[in-house]
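What follows is a single structure, written as C-alpha cells, with notes after it.
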Amino acid sequence: MPARVLDGTTVARDIKNEVRPRIEAFARANDRPPGLGIVLVGDDPASETYVRNKLKSAGETGLRTDLVRLPETSGLEDVLGVVGRLNRSEDHDGILVQSPLPASMGPSAEQAVFDAIDPAKDVDGFHPANVGRLVQGRPVLAPCTPLGIIELLDRTGTVIEGRHAVVIGRSDIVGKPVALLLLHRHATVTVCHSRTADLASVARSADILVVAIGRAGFVTAPFVKPGSVVIDVGMNRVEDRATVLRLFPEGHGRLADFDRRGSVLVGDVHPGVADVAGAITPVPGGVGPLTIAMLLWNTLRAAEARARQGA
Ligand code: GUN
C-alpha cells in the first residue's frame, strides 16, 4: 500500500487560520499590526522564490511586511546597518535575513549578521542566545522549519514520544534544531551526516526519518523501515534530465513537467520510498508551506511578547 501523504499545505492553512484572528486582535489592541522586516541580499533565484512566498502569506494573514533589498555587491556593514535599523524600529517585531548571503561577503558574514539581530525579534531562531535557550528546552523563538515539522507530526497524529527519530543532516537551520525539538518531545534521536558509517542501516532503524541534506532523491527504499514516517525537507531544483529519469520513469507526470519547463523541484527522498514508508511528505507541498506558517506564528509570538514588555 503506498504511504499516506502528509499534506503540508492543509496543515499550514489550518495554522494560518489560527494565527489570523490573533494578528487582528493584536492590531486592534496596539493600533498597528505585527511587523516583519525581511532582508534579501543579491538575486539568488531560490531565495527570490522563498521570499516572495513569505511576503504573500504574511500579507494574507494581516502582518505588515517590509522587504529591504540590497545588491549582490553589498558589504557586511550595509547588511548590519539595515539590521540595526530594524532592531531599533518600533514597528518591526520580527527580522529575517534570507540565507544564503552572497559568497562574496565571506564565510563568517552570515554568523555576524545573525548575531546582530535582537534576540527578541529573531523569528528565525538563529541568534546564539535563542539557540542556547533551545538547547535547554526553555521558551524560545525556534527555527521555523523544525517547528513546522513538529506541527506536521502532531497534527497528522504521529506519536513522537519513545520513537526512534533519525535526522539526516546537521545544519544549524534544520538538522540540529529539529533533533533538539524531537529530543524535548521524548524521542530517541540519532543525527547522521555525510560521514556516518552505513547510513542506510542507521536510517532503516528510524520510526521517524527526517531528511535534510540537499541531495535530490538521495534517500531510497533501502534507507527506510517499512511503515515509518518520512519527512523530506529537501527542495532541489533539478535541471538535468538524467537525474530526473532516475527519480521518475518515462510516462510520469513530473517528467512531462520537466520536459515542458526545463527543471523540476524534488526532495531529498526518492519517490520509490512511498512504496515502503507508512507516511511521507510530498515535495513541493510538504514541509515548505509549514516553514512559512511558522514564520508567521513566530512573528506573532515576538509581537505579543514585545507588547507584554511594553516595547
Ligand atoms: N534559507 C533557507 N531556509 C531559510 C530560513 O528558514 N530562514 C532564512 N533566513 N533563510 C533561509
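Labels for the C-alpha cells follow display order: chains A, B, ..., residues from 1 in each chain, ligands from 1.
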
Go through stretch 174-261 of chain A and flag each residue having an atom no more than 9 Å from stretch 131-143 of chain A; for those, report the closest pair of atoms plus their distance in Å to one decimal, using only C-alpha atoms, ordered by chain and rising number, as a tab-separated table.
```
residue	atom	partner	partner_atom	distance
A:Val174	CA	A:Pro143	CA	7.5
A:Pro177	CA	A:Pro143	CA	7.0
A:Val178	CA	A:Pro143	CA	8.5
A:Leu180	CA	A:Val135	CA	6.6
A:Leu181	CA	A:Leu134	CA	7.9
A:His184	CA	A:Gly137	CA	6.7
```

Taking N, CA, C and O atoms for each residue, export the selection above as a PDB file, in the first residue's frame.
```
ATOM      1  N   VAL A 174      18.193  23.391  10.095  1.00  0.00           N
ATOM      2  CA  VAL A 174      17.214  22.292  10.186  1.00  0.00           C
ATOM      3  C   VAL A 174      17.711  21.139  11.075  1.00  0.00           C
ATOM      4  O   VAL A 174      17.079  20.799  12.076  1.00  0.00           O
ATOM      5  N   PRO A 177      18.502  21.863  15.069  1.00  0.00           N
ATOM      6  CA  PRO A 177      17.320  22.247  15.867  1.00  0.00           C
ATOM      7  C   PRO A 177      16.192  21.216  15.830  1.00  0.00           C
ATOM      8  O   PRO A 177      15.499  21.039  16.836  1.00  0.00           O
ATOM      9  N   VAL A 178      15.982  20.525  14.714  1.00  0.00           N
ATOM     10  CA  VAL A 178      14.883  19.545  14.725  1.00  0.00           C
ATOM     11  C   VAL A 178      15.243  18.368  15.631  1.00  0.00           C
ATOM     12  O   VAL A 178      14.374  17.801  16.305  1.00  0.00           O
ATOM     13  N   LEU A 180      16.908  18.607  18.389  1.00  0.00           N
ATOM     14  CA  LEU A 180      16.631  19.068  19.759  1.00  0.00           C
ATOM     15  C   LEU A 180      15.134  19.071  20.059  1.00  0.00           C
ATOM     16  O   LEU A 180      14.702  18.644  21.132  1.00  0.00           O
ATOM     17  N   LEU A 181      14.341  19.561  19.098  1.00  0.00           N
ATOM     18  CA  LEU A 181      12.886  19.599  19.332  1.00  0.00           C
ATOM     19  C   LEU A 181      12.334  18.184  19.514  1.00  0.00           C
ATOM     20  O   LEU A 181      11.478  17.943  20.362  1.00  0.00           O
ATOM     21  N   HIS A 184      13.306  16.975  22.944  1.00  0.00           N
ATOM     22  CA  HIS A 184      12.466  17.564  24.001  1.00  0.00           C
ATOM     23  C   HIS A 184      11.079  16.917  24.034  1.00  0.00           C
ATOM     24  O   HIS A 184      10.396  16.995  25.044  1.00  0.00           O
TER      25      HIS A 184
END
```

Original post:
Do you know which residues are within 8 Å of ligand 1 using only C-alpha atoms and all ligand atoms? Can you write them as a ChimeraX atom specification?
Top reply: /A:47,50,96-100,124,143-145,173-174,291

**OP:** Based on DSSP run over this structure's backbone, return all residues of stretch 6-232 of chain A in alpha helix (DSSP H), as a PyMOL selection string.
**Re:** chain A and resi 8-30+45-60+76-88+109-116+128-135+144-155+175-184+199-203

**OP:** Return the single residue from A:His270, A:Arg241, A:His193, A:Arg301 that is closest to A:Lys176, with distances computed using only C-alpha atoms.
**Re:**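 For A:Lys176, the nearest of the candidates is A:His193.
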
Original post:
Skipping near chain neighbours, those fewer than 3 positions away, what residues fall within 12 Å of A:Ile149 using only C-alpha atoms, listed as a ChimeraX atom specification?
Top reply: /A:6-8,11-12,142-146,152-156,158,160,167,174-175,177-179,181-182,208-212,229-233,280-281,286-294

**OP:** Find the distance between atom CA of A:Ile38 and atom CA of A:His127 and write it in Å to one decimal.
**Re:**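 For atom CA of A:Ile38 relative to atom CA of A:His127, the distance reads 15.8 Å.
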
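Between A:Pro284 and the residues A:Gly106, A:Ala302, A:Asn236, A:Gly253, the shortest atom-to-atom distance, using only C-alpha atoms, involves A:Asn236.
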
Subject >> Spatial neighbours of A:Arg20, 7 Å, only C-alpha atoms, chain gap at least 3 places, as a PyMOL selection string >> reply: chain A and resi 16-17+23-24+61-62

Run DSSP on the backbone and grab whatever in stretch 42-285 of chain A lands in strand (DSSP E); send it over as a short mmCIF file (atom, residue, chain, number, x, y, z; two decimals) with all heavy atoms, in the first residue's frame.
```
data_model
loop_
_atom_site.label_atom_id
_atom_site.label_comp_id
_atom_site.auth_asym_id
_atom_site.auth_seq_id
_atom_site.Cartn_x
_atom_site.Cartn_y
_atom_site.Cartn_z
N ARG A 64 2.20 43.16 8.78
CA ARG A 64 2.89 44.16 7.98
C ARG A 64 4.23 43.57 7.58
O ARG A 64 4.94 43.02 8.42
CB ARG A 64 3.12 45.41 8.83
CG ARG A 64 4.09 46.37 8.19
CD ARG A 64 4.44 47.52 9.09
NE ARG A 64 5.55 48.27 8.49
CZ ARG A 64 5.85 49.49 8.83
NH1 ARG A 64 5.16 50.11 9.76
NH2 ARG A 64 6.86 50.12 8.26
N THR A 65 4.59 43.69 6.30
CA THR A 65 5.92 43.22 5.90
C THR A 65 6.65 44.33 5.18
O THR A 65 6.04 45.11 4.44
CB THR A 65 5.85 42.02 4.93
OG1 THR A 65 4.97 42.34 3.87
CG2 THR A 65 5.40 40.76 5.61
N ASP A 66 7.93 44.43 5.44
CA ASP A 66 8.78 45.37 4.71
C ASP A 66 9.96 44.60 4.17
O ASP A 66 10.72 44.00 4.94
CB ASP A 66 9.23 46.49 5.64
CG ASP A 66 8.06 47.36 6.06
OD1 ASP A 66 7.57 48.13 5.23
OD2 ASP A 66 7.60 47.21 7.21
N LEU A 67 10.10 44.61 2.87
CA LEU A 67 11.23 43.92 2.23
C LEU A 67 12.32 44.95 1.97
O LEU A 67 12.09 45.96 1.31
CB LEU A 67 10.78 43.28 0.92
CG LEU A 67 11.90 42.69 0.06
CD1 LEU A 67 12.60 41.55 0.79
CD2 LEU A 67 11.34 42.19 -1.28
N VAL A 68 13.51 44.68 2.50
CA VAL A 68 14.66 45.53 2.21
C VAL A 68 15.58 44.73 1.28
O VAL A 68 16.07 43.66 1.66
CB VAL A 68 15.43 45.91 3.50
CG1 VAL A 68 16.60 46.83 3.17
CG2 VAL A 68 14.50 46.54 4.51
N ARG A 69 15.77 45.25 0.08
CA ARG A 69 16.63 44.56 -0.89
C ARG A 69 17.97 45.26 -0.95
O ARG A 69 18.02 46.49 -1.02
CB ARG A 69 15.98 44.60 -2.27
CG ARG A 69 14.70 43.82 -2.37
CD ARG A 69 14.35 43.62 -3.82
NE ARG A 69 15.29 42.69 -4.39
CZ ARG A 69 14.94 41.58 -5.04
NH1 ARG A 69 13.67 41.30 -5.24
NH2 ARG A 69 15.83 40.78 -5.51
N LEU A 70 19.02 44.48 -0.93
CA LEU A 70 20.37 45.04 -1.07
C LEU A 70 21.04 44.36 -2.26
O LEU A 70 20.80 43.17 -2.51
CB LEU A 70 21.18 44.80 0.20
CG LEU A 70 20.74 45.57 1.45
CD1 LEU A 70 21.55 45.11 2.66
CD2 LEU A 70 20.89 47.06 1.27
N GLY A 94 9.66 41.31 14.07
CA GLY A 94 10.46 40.19 13.58
C GLY A 94 11.42 40.67 12.49
O GLY A 94 11.10 41.59 11.73
N ILE A 95 12.59 40.05 12.47
CA ILE A 95 13.59 40.34 11.43
C ILE A 95 14.07 39.02 10.85
O ILE A 95 14.41 38.09 11.60
CB ILE A 95 14.81 41.09 12.04
CG1 ILE A 95 14.37 42.38 12.74
CG2 ILE A 95 15.86 41.37 10.97
CD1 ILE A 95 15.48 43.04 13.56
N LEU A 96 14.09 38.95 9.53
CA LEU A 96 14.58 37.74 8.86
C LEU A 96 15.56 38.18 7.76
O LEU A 96 15.19 38.96 6.89
CB LEU A 96 13.41 36.97 8.26
CG LEU A 96 13.73 35.68 7.51
CD1 LEU A 96 12.59 34.68 7.68
CD2 LEU A 96 13.99 35.91 6.03
N VAL A 97 16.76 37.71 7.85
CA VAL A 97 17.75 37.94 6.78
C VAL A 97 17.84 36.63 6.00
O VAL A 97 18.25 35.60 6.56
CB VAL A 97 19.12 38.35 7.34
CG1 VAL A 97 20.12 38.53 6.20
CG2 VAL A 97 19.00 39.61 8.18
N HIS A 164 12.09 6.14 17.75
CA HIS A 164 13.44 6.44 17.29
C HIS A 164 13.36 7.40 16.10
O HIS A 164 12.82 7.03 15.05
CB HIS A 164 14.18 5.15 16.90
CG HIS A 164 15.62 5.40 16.53
ND1 HIS A 164 16.34 4.57 15.72
CD2 HIS A 164 16.46 6.41 16.87
CE1 HIS A 164 17.57 5.05 15.58
NE2 HIS A 164 17.65 6.16 16.27
N ALA A 165 13.87 8.61 16.30
CA ALA A 165 13.90 9.59 15.21
C ALA A 165 15.32 9.68 14.68
O ALA A 165 16.26 9.88 15.46
CB ALA A 165 13.43 10.95 15.71
N VAL A 166 15.49 9.51 13.39
CA VAL A 166 16.80 9.68 12.77
C VAL A 166 16.74 10.92 11.89
O VAL A 166 15.84 11.06 11.06
CB VAL A 166 17.20 8.44 11.95
CG1 VAL A 166 18.49 8.70 11.16
CG2 VAL A 166 17.39 7.23 12.87
N VAL A 167 17.69 11.83 12.11
CA VAL A 167 17.78 13.06 11.32
C VAL A 167 19.01 12.93 10.43
O VAL A 167 20.11 12.71 10.92
CB VAL A 167 17.92 14.29 12.25
CG1 VAL A 167 18.06 15.56 11.42
CG2 VAL A 167 16.74 14.39 13.21
N ILE A 168 18.82 13.04 9.12
CA ILE A 168 19.97 13.03 8.21
C ILE A 168 20.23 14.48 7.82
O ILE A 168 19.40 15.13 7.17
CB ILE A 168 19.72 12.17 6.96
CG1 ILE A 168 19.28 10.75 7.35
CG2 ILE A 168 20.98 12.11 6.10
CD1 ILE A 168 19.10 9.80 6.17
N THR A 188 13.89 9.22 20.92
CA THR A 188 15.30 8.85 20.97
C THR A 188 15.88 9.29 19.63
O THR A 188 15.39 8.87 18.57
CB THR A 188 15.44 7.33 21.12
OG1 THR A 188 14.77 6.95 22.33
CG2 THR A 188 16.90 6.90 21.17
N VAL A 189 16.90 10.17 19.67
CA VAL A 189 17.30 10.86 18.44
C VAL A 189 18.71 10.47 18.01
O VAL A 189 19.64 10.47 18.83
CB VAL A 189 17.21 12.40 18.62
CG1 VAL A 189 17.59 13.11 17.33
CG2 VAL A 189 15.82 12.82 19.07
N THR A 190 18.87 10.16 16.74
CA THR A 190 20.19 9.93 16.14
C THR A 190 20.37 10.95 15.03
O THR A 190 19.46 11.13 14.21
CB THR A 190 20.27 8.52 15.54
OG1 THR A 190 19.99 7.55 16.56
CG2 THR A 190 21.66 8.24 14.96
N VAL A 191 21.51 11.65 15.02
CA VAL A 191 21.79 12.60 13.94
C VAL A 191 22.87 12.00 13.04
O VAL A 191 23.95 11.63 13.51
CB VAL A 191 22.27 13.96 14.50
CG1 VAL A 191 22.55 14.93 13.36
CG2 VAL A 191 21.23 14.55 15.45
N CYS A 192 22.55 11.89 11.76
CA CYS A 192 23.50 11.34 10.77
C CYS A 192 23.95 12.44 9.82
O CYS A 192 23.29 13.47 9.69
CB CYS A 192 22.84 10.26 9.94
SG CYS A 192 22.21 8.89 10.88
N ILE A 208 10.79 7.57 12.75
CA ILE A 208 10.57 8.88 12.11
C ILE A 208 11.90 9.26 11.46
O ILE A 208 12.92 9.37 12.14
CB ILE A 208 10.17 9.95 13.15
CG1 ILE A 208 8.87 9.56 13.86
CG2 ILE A 208 10.04 11.32 12.49
CD1 ILE A 208 8.55 10.42 15.08
N LEU A 209 11.89 9.43 10.15
CA LEU A 209 13.13 9.75 9.43
C LEU A 209 12.99 11.16 8.84
O LEU A 209 12.08 11.42 8.05
CB LEU A 209 13.35 8.74 8.30
CG LEU A 209 14.60 8.91 7.45
CD1 LEU A 209 15.88 8.76 8.28
CD2 LEU A 209 14.62 7.88 6.30
N VAL A 210 13.87 12.07 9.28
CA VAL A 210 13.85 13.45 8.78
C VAL A 210 15.07 13.62 7.88
O VAL A 210 16.21 13.39 8.32
CB VAL A 210 13.91 14.47 9.94
CG1 VAL A 210 13.90 15.91 9.40
CG2 VAL A 210 12.75 14.27 10.91
N VAL A 211 14.85 14.03 6.65
CA VAL A 211 15.95 14.11 5.69
C VAL A 211 16.15 15.55 5.24
O VAL A 211 15.25 16.16 4.65
CB VAL A 211 15.69 13.20 4.47
CG1 VAL A 211 16.96 13.09 3.64
CG2 VAL A 211 15.21 11.83 4.89
N VAL A 229 7.56 6.93 9.27
CA VAL A 229 7.14 8.27 8.82
C VAL A 229 8.37 8.98 8.27
O VAL A 229 9.39 9.10 8.97
CB VAL A 229 6.54 9.06 10.00
CG1 VAL A 229 6.20 10.49 9.58
CG2 VAL A 229 5.31 8.35 10.54
N VAL A 230 8.30 9.44 7.04
CA VAL A 230 9.45 10.07 6.38
C VAL A 230 9.14 11.54 6.09
O VAL A 230 8.15 11.85 5.41
CB VAL A 230 9.81 9.32 5.07
CG1 VAL A 230 10.99 9.99 4.37
CG2 VAL A 230 10.13 7.85 5.37
N ILE A 231 9.98 12.41 6.63
CA ILE A 231 9.82 13.86 6.44
C ILE A 231 10.93 14.35 5.52
O ILE A 231 12.11 14.30 5.87
CB ILE A 231 9.91 14.60 7.80
CG1 ILE A 231 8.92 14.03 8.82
CG2 ILE A 231 9.74 16.11 7.60
CD1 ILE A 231 7.48 14.29 8.52
N ASP A 232 10.54 14.82 4.36
CA ASP A 232 11.50 15.23 3.32
C ASP A 232 11.62 16.76 3.32
O ASP A 232 10.69 17.46 2.91
CB ASP A 232 10.99 14.73 1.97
CG ASP A 232 11.98 14.95 0.84
OD1 ASP A 232 13.03 15.59 1.07
OD2 ASP A 232 11.70 14.47 -0.28
N ASN A 236 15.18 20.66 -4.04
CA ASN A 236 16.27 20.70 -5.03
C ASN A 236 15.69 20.96 -6.41
O ASN A 236 14.80 20.24 -6.86
CB ASN A 236 16.99 19.35 -5.04
CG ASN A 236 17.40 18.90 -3.64
OD1 ASN A 236 18.28 19.49 -3.03
ND2 ASN A 236 16.73 17.87 -3.12
N ARG A 237 16.20 22.01 -7.05
CA ARG A 237 15.76 22.27 -8.43
C ARG A 237 16.68 21.50 -9.36
O ARG A 237 17.88 21.74 -9.40
CB ARG A 237 15.80 23.78 -8.72
CG ARG A 237 15.24 24.12 -10.09
CD ARG A 237 14.75 25.54 -10.19
NE ARG A 237 13.63 25.85 -9.33
CZ ARG A 237 12.37 25.44 -9.52
NH1 ARG A 237 12.06 24.70 -10.57
NH2 ARG A 237 11.42 25.76 -8.67
N VAL A 238 16.12 20.51 -10.07
CA VAL A 238 16.93 19.64 -10.92
C VAL A 238 16.75 20.07 -12.38
O VAL A 238 15.63 20.20 -12.86
CB VAL A 238 16.54 18.16 -10.74
CG1 VAL A 238 17.35 17.28 -11.67
CG2 VAL A 238 16.75 17.75 -9.30
N VAL A 264 12.66 20.79 -12.51
CA VAL A 264 11.62 20.25 -11.64
C VAL A 264 12.13 20.31 -10.20
O VAL A 264 13.33 20.21 -9.95
CB VAL A 264 11.23 18.81 -12.10
CG1 VAL A 264 12.34 17.83 -11.86
CG2 VAL A 264 9.95 18.34 -11.48
N LEU A 265 11.19 20.56 -9.28
CA LEU A 265 11.56 20.68 -7.87
C LEU A 265 11.38 19.32 -7.20
O LEU A 265 10.28 18.76 -7.23
CB LEU A 265 10.65 21.73 -7.20
CG LEU A 265 11.05 22.19 -5.81
CD1 LEU A 265 12.37 22.95 -5.85
CD2 LEU A 265 9.96 23.07 -5.22
N VAL A 266 12.45 18.78 -6.62
CA VAL A 266 12.35 17.46 -5.99
C VAL A 266 12.98 17.49 -4.60
O VAL A 266 13.83 18.33 -4.30
CB VAL A 266 13.04 16.35 -6.83
CG1 VAL A 266 12.40 16.23 -8.20
CG2 VAL A 266 14.52 16.61 -6.95
N ALA A 279 4.05 6.81 5.96
CA ALA A 279 3.60 8.17 5.67
C ALA A 279 4.79 8.97 5.17
O ALA A 279 5.92 8.72 5.58
CB ALA A 279 3.02 8.82 6.92
N ILE A 280 4.53 9.93 4.30
CA ILE A 280 5.63 10.69 3.69
C ILE A 280 5.15 12.08 3.31
O ILE A 280 3.98 12.26 2.97
CB ILE A 280 6.17 9.91 2.46
CG1 ILE A 280 7.47 10.52 1.93
CG2 ILE A 280 5.13 9.83 1.36
CD1 ILE A 280 8.19 9.60 0.94
#
```

**OP:** Would you list the contacts of A:Ser74 as a ChimeraX atom specification, taking every protein, DNA or RNA residue within 8 Å and counting only C-alpha atoms, but skipping same-chain residues closer than 4 positions in sequence?
**Re:** /A:41,70,78-79,105

Please produce a file of those selected residues containing all heavy atoms, as a PDB file, in the first residue's frame.
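The result, written out as part_1.pdb:
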```pdb
ATOM      1  N   VAL A  41      19.549  39.924   0.206  1.00  0.00           N
ATOM      2  CA  VAL A  41      20.772  40.459  -0.389  1.00  0.00           C
ATOM      3  C   VAL A  41      21.089  39.665  -1.655  1.00  0.00           C
ATOM      4  O   VAL A  41      21.208  38.440  -1.602  1.00  0.00           O
ATOM      5  CB  VAL A  41      21.963  40.360   0.600  1.00  0.00           C
ATOM      6  CG1 VAL A  41      23.183  41.097   0.038  1.00  0.00           C
ATOM      7  CG2 VAL A  41      21.586  40.923   1.963  1.00  0.00           C
ATOM      8  N   LEU A  70      19.021  44.481  -0.929  1.00  0.00           N
ATOM      9  CA  LEU A  70      20.366  45.044  -1.069  1.00  0.00           C
ATOM     10  C   LEU A  70      21.044  44.355  -2.257  1.00  0.00           C
ATOM     11  O   LEU A  70      20.798  43.167  -2.510  1.00  0.00           O
ATOM     12  CB  LEU A  70      21.184  44.802   0.201  1.00  0.00           C
ATOM     13  CG  LEU A  70      20.742  45.570   1.452  1.00  0.00           C
ATOM     14  CD1 LEU A  70      21.550  45.110   2.656  1.00  0.00           C
ATOM     15  CD2 LEU A  70      20.893  47.065   1.274  1.00  0.00           C
ATOM     16  N   ASP A  78      26.778  47.101   5.247  1.00  0.00           N
ATOM     17  CA  ASP A  78      25.470  47.503   4.710  1.00  0.00           C
ATOM     18  C   ASP A  78      24.357  46.667   5.351  1.00  0.00           C
ATOM     19  O   ASP A  78      23.310  47.183   5.731  1.00  0.00           O
ATOM     20  CB  ASP A  78      25.435  47.317   3.180  1.00  0.00           C
ATOM     21  CG  ASP A  78      26.510  48.132   2.481  1.00  0.00           C
ATOM     22  OD1 ASP A  78      26.679  49.303   2.845  1.00  0.00           O
ATOM     23  OD2 ASP A  78      27.193  47.575   1.588  1.00  0.00           O
ATOM     24  N   VAL A  79      24.586  45.362   5.434  1.00  0.00           N
ATOM     25  CA  VAL A  79      23.557  44.473   5.997  1.00  0.00           C
ATOM     26  C   VAL A  79      23.390  44.766   7.485  1.00  0.00           C
ATOM     27  O   VAL A  79      22.266  44.856   8.003  1.00  0.00           O
ATOM     28  CB  VAL A  79      23.913  42.982   5.767  1.00  0.00           C
ATOM     29  CG1 VAL A  79      22.784  42.085   6.232  1.00  0.00           C
ATOM     30  CG2 VAL A  79      24.224  42.720   4.306  1.00  0.00           C
ATOM     31  N   MET A 105      30.526  37.994   0.376  1.00  0.00           N
ATOM     32  CA  MET A 105      30.563  38.652   1.693  1.00  0.00           C
ATOM     33  C   MET A 105      31.462  37.912   2.682  1.00  0.00           C
ATOM     34  O   MET A 105      31.716  38.401   3.780  1.00  0.00           O
ATOM     35  CB  MET A 105      29.149  38.773   2.268  1.00  0.00           C
ATOM     36  CG  MET A 105      28.323  39.813   1.524  1.00  0.00           C
ATOM     37  SD  MET A 105      26.684  40.017   2.211  1.00  0.00           S
ATOM     38  CE  MET A 105      27.080  40.767   3.738  1.00  0.00           C
TER      39      MET A 105
END
```

**OP:** Identify which of the residues A:Ser205, A:Thr299, A:Thr243, A:Thr9 lies closest to A:Pro222, counting only C-alpha atoms when measuring atom-to-atom distances.
**Re:** A:Ser205

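If you look at atom CA of A:Ala116 and atom CA of A:His92, they are 15.2 Å away from each other.
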
Original post:
Any idea what's packed within 10 Å of A:Asn30, counting only C-alpha atoms, ignoring anything in its chain fewer than 3 positions away? Could you give it as a ChimeraX atom specification?
Top reply: /A:24-27,33-34,303-304,307

Now that the selection is made, can you save its residues with N, CA and C atoms as a PDB file, in the first residue's frame?
```pdb
ATOM      1  N   GLU A  24      -5.223  39.965  14.092  1.00  0.00           N
ATOM      2  CA  GLU A  24      -6.238  41.033  14.092  1.00  0.00           C
ATOM      3  C   GLU A  24      -6.415  41.592  15.505  1.00  0.00           C
ATOM      4  N   ALA A  25      -6.450  40.698  16.502  1.00  0.00           N
ATOM      5  CA  ALA A  25      -6.614  41.145  17.895  1.00  0.00           C
ATOM      6  C   ALA A  25      -5.418  41.991  18.321  1.00  0.00           C
ATOM      7  N   PHE A  26      -4.215  41.572  17.898  1.00  0.00           N
ATOM      8  CA  PHE A  26      -3.013  42.352  18.233  1.00  0.00           C
ATOM      9  C   PHE A  26      -3.114  43.745  17.623  1.00  0.00           C
ATOM     10  N   ALA A  27      -3.554  43.792  16.363  1.00  0.00           N
ATOM     11  CA  ALA A  27      -3.622  45.081  15.657  1.00  0.00           C
ATOM     12  C   ALA A  27      -4.631  46.008  16.338  1.00  0.00           C
ATOM     13  N   PRO A  33      -0.438  46.488  13.144  1.00  0.00           N
ATOM     14  CA  PRO A  33      -0.266  45.031  13.026  1.00  0.00           C
ATOM     15  C   PRO A  33       1.145  44.632  13.458  1.00  0.00           C
ATOM     16  N   PRO A  34       1.349  43.357  13.775  1.00  0.00           N
ATOM     17  CA  PRO A  34       2.730  42.898  13.959  1.00  0.00           C
ATOM     18  C   PRO A  34       3.512  43.147  12.674  1.00  0.00           C
ATOM     19  N   ALA A 303       5.736  39.620  18.576  1.00  0.00           N
ATOM     20  CA  ALA A 303       4.982  40.866  18.753  1.00  0.00           C
ATOM     21  C   ALA A 303       4.248  40.847  20.093  1.00  0.00           C
ATOM     22  N   GLU A 304       3.611  39.718  20.410  1.00  0.00           N
ATOM     23  CA  GLU A 304       2.868  39.629  21.681  1.00  0.00           C
ATOM     24  C   GLU A 304       3.820  39.777  22.865  1.00  0.00           C
ATOM     25  N   ALA A 307       4.881  43.399  23.172  1.00  0.00           N
ATOM     26  CA  ALA A 307       3.779  44.240  23.670  1.00  0.00           C
ATOM     27  C   ALA A 307       3.618  44.035  25.185  1.00  0.00           C
TER      28      ALA A 307
END
```

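The nearest approach to A:Ala274 among the residues A:Arg246, A:Arg88, A:Lys225, A:Arg306, with only C-alpha atoms taken into account, belongs to A:Lys225.
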
**OP:** Measuring atom to atom with only C-alpha atoms, identify which of A:Asp43, A:Asp198, A:Glu90, A:Glu48 is nearest to A:Gly310.
**Re:**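 Answer, going by the shortest atom-to-atom distance: A:Glu90.
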
Original post:
Could you pull the residues within 9 Å of A:Met1, counting only C-alpha atoms, minus those fewer than 6 positions along the same chain, as a ChimeraX atom specification?
Top reply: /A:274-276,278

Could you save those same residues with N, CA and C atoms as an mmCIF file, in the first residue's frame?
```cif
data_model
loop_
_atom_site.group_PDB
_atom_site.id
_atom_site.type_symbol
_atom_site.label_atom_id
_atom_site.label_comp_id
_atom_site.auth_asym_id
_atom_site.auth_seq_id
_atom_site.Cartn_x
_atom_site.Cartn_y
_atom_site.Cartn_z
ATOM 1 N N ALA A 274 7.846 5.889 -1.265
ATOM 2 C CA ALA A 274 6.405 5.868 -0.966
ATOM 3 C C ALA A 274 5.857 4.435 -0.943
ATOM 4 N N ASP A 275 6.564 3.493 -1.571
ATOM 5 C CA ASP A 275 6.103 2.099 -1.552
ATOM 6 C C ASP A 275 6.484 1.370 -0.260
ATOM 7 N N VAL A 276 7.338 1.999 0.554
ATOM 8 C CA VAL A 276 7.839 1.340 1.764
ATOM 9 C C VAL A 276 7.347 2.042 3.028
ATOM 10 N N GLY A 278 5.244 4.364 5.785
ATOM 11 C CA GLY A 278 3.832 4.412 6.164
ATOM 12 C C GLY A 278 3.222 5.765 5.840
#
```

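Shortest atom-to-atom contact with A:Lys121 among A:Leu36, A:Val82, A:Val283, A:Leu183: A:Leu36, counting only C-alpha atoms.
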
Subject >> Distance in Å - atom CA of A:Arg28 versus atom CA of A:Glu60 >> reply: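 Answer for the atom CA of A:Arg28 to atom CA of A:Glu60 separation: 17.1 Å.
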